[in-house]
Amino acid sequence: MWQTIKQIPFWQKVLAGFILGITFGLVLGEQATQLKPLGDLFIAAIKMLVAPLVFCAIVVSITSLGSGVSLKRLSFKTLLMFMFTGTIASLIGLTIGSLIDMGGTLELATTEVRERNVPGFAQVLLDMVPVNPFASLAEGKVLQIIVFAALIGIAINKVGEKAEPLKRTIEAGAEVMFQLTRMVLQLTPIGVFGLMAWVVGEYGLSMLLPLGKFIAAIYLAAVIHILFIYGGLIKFAAKLSPIQFFRKAMPAQLVAFTTASSFGTLPASTRATESMGVSKKYGAFVLPLGATMNMDGCGGIYPAIAAIFIAQIYGIPLDMTDYMLIAVTATVASVGTAGVPGSAMVMLSVTLGVVGLPLEGIAFIAAIDRVIDMIRTATNVTGDMMTAVVVGKSEGQLDEAQFYSNEEPTVSTAS
């Protein structure tokens, strides 16, 4: 029987855990929340990987790419793609939010919403540089880890032969971390099952009904963005099959949907881009970077729709200037939101503050934020994988034969 289970494709195992989790949540109700430790175990195991995995992956990717023009061009194209899709995401959010009357009589218990201390632009830049790199690694400050790892990789390239022992050591560390990642990935179906059973058991269907229009607007905008923007870029920019892309992206999308963490999905998205034929050196560069900077769901779609929703609840009219402010703020947020659960709330407070909407409005959507966070994260992760494929194809970092192959790649991206 164990051999039979091992032969089942990975995505089918994840999908089975997803469906079973929903079923248990509906059947058992609140009792299903007792299954949450299964999901917590999975998330804890993923968090264990993040800091060393990101550090080793970024250093190895930069040393593999070298210090020439290719790295600069890849970085520029990647960041340009992040900004482009972030702008489109905010515009889609504004359009959907404006077309749907999401207001009405809501009677949710309000909770205390304190104004967040959001740092200025200069402080954000300063916070990117780790004062103590070891503390950043210990505390899991991923953006600082990425900056430090990138500097280490560039320095290794400049030093050259004398730095070869350090380069080989970090490469060995990357090998170990990718092997550990593959081991942790085996827990994915169990983790997905536990998380979905908890979410459905905790919130139920009745909790979602009062905020149905708001949730529907978020999901509709996210689905439009995923299918038409990401799918369109795969089709017309990379000239590849969107169907094949989404088929191979689905396991990572399900993990993102259930964990609501872009960083937590890194192992699954890495495996997905590997199956799509993205080179290991570019995949190791773009995915951790995207998990930090490419937040179309959390920073683009969500703040735009949520701001309009809160304005409707309070009866505050918005003019064209307000919409422009929302769009600009949401776009900037889409490349600056940390890829961990709950960060979108901070960016929403920034958007509300810019437009002058009451921060207390966050209380109306705080209760269902976890449900929305799932589709936001799935959007983010899909955008990361799309960027890996589209930019990778343009720079010769993608094996088209592997993209269309239904077989697992013979050589892992970790090797």
# chains A, B, ... in the order shown; residues from 1 in each chain; ligands from 1
$ residues_around --residues "range 192-202 of chain A" --least-positions-apart "3" --cutoff "7 Å" --atoms "only C-alpha atoms" --output "list of chain:residue names"
A:Val14, A:Gly17, A:Phe18, A:Leu20, A:Gly21, A:Ile22, A:Phe24, A:Gly25, A:Leu26, A:Gly29, A:Glu30, A:Gln31, A:Ala32, A:Thr33, A:Leu35, A:Lys36, A:Leu38, A:Gly39, A:Thr188, A:Pro189, A:Val255, A:Thr258
$ write_last_selection --atoms "C-alpha atoms" --output "PDB file, in the first residue's frame"
ATOM      1  CA  VAL A  14      -1.834  17.917  -2.155  1.00  0.00           C
ATOM      2  CA  GLY A  17      -5.425  16.861   1.395  1.00  0.00           C
ATOM      3  CA  PHE A  18      -7.077  20.117   0.341  1.00  0.00           C
ATOM      4  CA  LEU A  20     -10.387  16.231   2.634  1.00  0.00           C
ATOM      5  CA  GLY A  21      -9.601  19.241   4.840  1.00  0.00           C
ATOM      6  CA  ILE A  22     -12.638  21.150   3.548  1.00  0.00           C
ATOM      7  CA  PHE A  24     -13.714  17.477   7.564  1.00  0.00           C
ATOM      8  CA  GLY A  25     -14.214  21.163   8.350  1.00  0.00           C
ATOM      9  CA  LEU A  26     -17.781  21.122   7.057  1.00  0.00           C
ATOM     10  CA  GLY A  29     -17.550  22.008  12.460  1.00  0.00           C
ATOM     11  CA  GLU A  30     -15.686  23.514  15.419  1.00  0.00           C
ATOM     12  CA  GLN A  31     -14.251  20.113  16.318  1.00  0.00           C
ATOM     13  CA  ALA A  32     -12.223  20.300  13.096  1.00  0.00           C
ATOM     14  CA  THR A  33     -10.152  23.084  14.659  1.00  0.00           C
ATOM     15  CA  LEU A  35      -6.702  19.348  13.485  1.00  0.00           C
ATOM     16  CA  LYS A  36      -4.874  22.690  13.337  1.00  0.00           C
ATOM     17  CA  LEU A  38      -1.142  19.240  11.767  1.00  0.00           C
ATOM     18  CA  GLY A  39      -0.981  22.501   9.843  1.00  0.00           C
ATOM     19  CA  THR A 188       2.634  19.063   2.474  1.00  0.00           C
ATOM     20  CA  PRO A 189      -0.556  16.993   1.991  1.00  0.00           C
ATOM     21  CA  VAL A 255       0.229  25.330  -0.726  1.00  0.00           C
ATOM     22  CA  THR A 258      -3.593  27.032   2.545  1.00  0.00           C
TER      23      THR A 258
END
$ atom_distance --atom1 "CA of Ala249 in chain A" --atom2 "CA of Ile190 in chain A"
19.2 Å
$ atom_distance --atom1 "CA of Ala45 in chain A" --atom2 "CA of Lys281 in chain A"
24.2 Å
$ closest_residue --among "A:Glu175, A:Leu240, A:Ile305, A:Ala388" --to "Thr351 in chain A" --atoms "only C-alpha atoms"
A:Ile305
$ closest_residue --among "A:Asp101, A:Gly160, A:Thr181, A:Ser64" --to "Val50 in chain A" --atoms "only C-alpha atoms"
A:Thr181
$ atom_distance --atom1 "CA of Leu325 in chain A" --atom2 "CA of Ile88 in chain A"
14.6 Å
$ residues_around --residues "range 137-149 of chain A" --least-positions-apart "2" --cutoff "6 Å" --atoms "only C-alpha atoms" --output "short mmCIF file (atom, residue, chain, number, x, y, z; two decimals) with all heavy atoms, in the first residue's frame"
data_model
loop_
_atom_site.label_atom_id
_atom_site.label_comp_id
_atom_site.auth_asym_id
_atom_site.auth_seq_id
_atom_site.Cartn_x
_atom_site.Cartn_y
_atom_site.Cartn_z
N ALA A 51 15.28 30.85 6.55
CA ALA A 51 16.48 31.68 6.64
C ALA A 51 17.70 31.04 5.98
O ALA A 51 18.32 31.65 5.10
CB ALA A 51 16.77 32.04 8.11
N PHE A 55 19.32 32.29 2.27
CA PHE A 55 20.71 32.75 2.25
C PHE A 55 21.55 31.94 1.26
O PHE A 55 22.22 32.51 0.38
CB PHE A 55 21.33 32.65 3.65
CG PHE A 55 22.80 33.00 3.68
CD1 PHE A 55 23.21 34.33 3.66
CD2 PHE A 55 23.75 32.00 3.72
CE1 PHE A 55 24.56 34.64 3.67
CE2 PHE A 55 25.10 32.30 3.73
CZ PHE A 55 25.51 33.63 3.72
N ILE A 58 20.35 32.44 -2.52
CA ILE A 58 20.70 33.73 -3.12
C ILE A 58 22.20 33.79 -3.43
O ILE A 58 22.61 34.21 -4.53
CB ILE A 58 20.30 34.89 -2.20
CG1 ILE A 58 18.77 35.02 -2.13
CG2 ILE A 58 20.92 36.19 -2.67
CD1 ILE A 58 18.14 35.49 -3.41
N VAL A 59 23.04 33.37 -2.47
CA VAL A 59 24.49 33.40 -2.71
C VAL A 59 24.85 32.52 -3.89
O VAL A 59 25.59 32.94 -4.80
CB VAL A 59 25.25 32.94 -1.45
CG1 VAL A 59 26.74 32.82 -1.76
CG2 VAL A 59 25.04 33.92 -0.30
N MET A 128 16.79 47.73 5.36
CA MET A 128 17.17 46.64 4.47
C MET A 128 18.59 46.15 4.74
O MET A 128 18.93 45.01 4.43
CB MET A 128 17.06 47.09 3.00
CG MET A 128 15.65 47.33 2.53
SD MET A 128 15.59 48.05 0.87
CE MET A 128 16.41 46.79 -0.10
N VAL A 129 19.43 47.02 5.33
CA VAL A 129 20.82 46.66 5.60
C VAL A 129 20.93 46.12 7.01
O VAL A 129 20.65 46.83 7.98
CB VAL A 129 21.75 47.87 5.42
CG1 VAL A 129 23.20 47.48 5.68
CG2 VAL A 129 21.59 48.47 4.03
N PRO A 130 21.35 44.87 7.17
CA PRO A 130 21.42 44.28 8.51
C PRO A 130 22.60 44.82 9.31
O PRO A 130 23.75 44.78 8.84
CB PRO A 130 21.60 42.78 8.23
CG PRO A 130 22.25 42.72 6.89
CD PRO A 130 21.72 43.90 6.12
N PHE A 134 23.98 38.01 11.60
CA PHE A 134 23.65 36.79 12.33
C PHE A 134 22.32 36.94 13.08
O PHE A 134 21.53 36.00 13.17
CB PHE A 134 24.79 36.42 13.29
CG PHE A 134 26.08 36.14 12.60
CD1 PHE A 134 27.09 37.10 12.58
CD2 PHE A 134 26.29 34.94 11.96
CE1 PHE A 134 28.29 36.84 11.93
CE2 PHE A 134 27.49 34.67 11.32
CZ PHE A 134 28.48 35.63 11.29
N ALA A 135 22.07 38.14 13.60
CA ALA A 135 20.79 38.40 14.25
C ALA A 135 19.66 38.35 13.23
O ALA A 135 18.57 37.83 13.51
CB ALA A 135 20.81 39.77 14.94
N LEU A 151 25.13 40.63 -1.26
CA LEU A 151 26.44 41.27 -1.11
C LEU A 151 27.55 40.23 -0.99
O LEU A 151 28.64 40.40 -1.56
CB LEU A 151 26.44 42.19 0.11
CG LEU A 151 25.53 43.43 0.01
CD1 LEU A 151 25.50 44.18 1.34
CD2 LEU A 151 26.00 44.36 -1.10
N ILE A 152 27.25 39.15 -0.26
CA ILE A 152 28.24 38.06 -0.14
C ILE A 152 28.51 37.45 -1.51
O ILE A 152 29.67 37.20 -1.89
CB ILE A 152 27.73 36.98 0.84
CG1 ILE A 152 27.74 37.51 2.28
CG2 ILE A 152 28.60 35.72 0.74
CD1 ILE A 152 29.12 37.74 2.86
#
$ select_by_dssp --residues "range 264-327 of chain A" --states "helix (DSSP H, G or I)" --output "VMD selection string"
chain A and resid 266 to 275 280 to 293 296 to 313 320 to 327
$ residues_around --residues "Thr379 in chain A" --least-positions-apart "5" --cutoff "9 Å" --atoms "only C-alpha atoms" --output "list in words"
Ala222, Val223, His225, Ile226, Gln253, Ala256, Phe257, Met295, Asp296, Gly297, Cys298, Met374 and Asp384 of chain A
$ closest_residue --among "A:Leu187, A:Val389, A:Ala89, A:Ile316" --to "Ile229 in chain A" --atoms "only C-alpha atoms"
A:Ala89
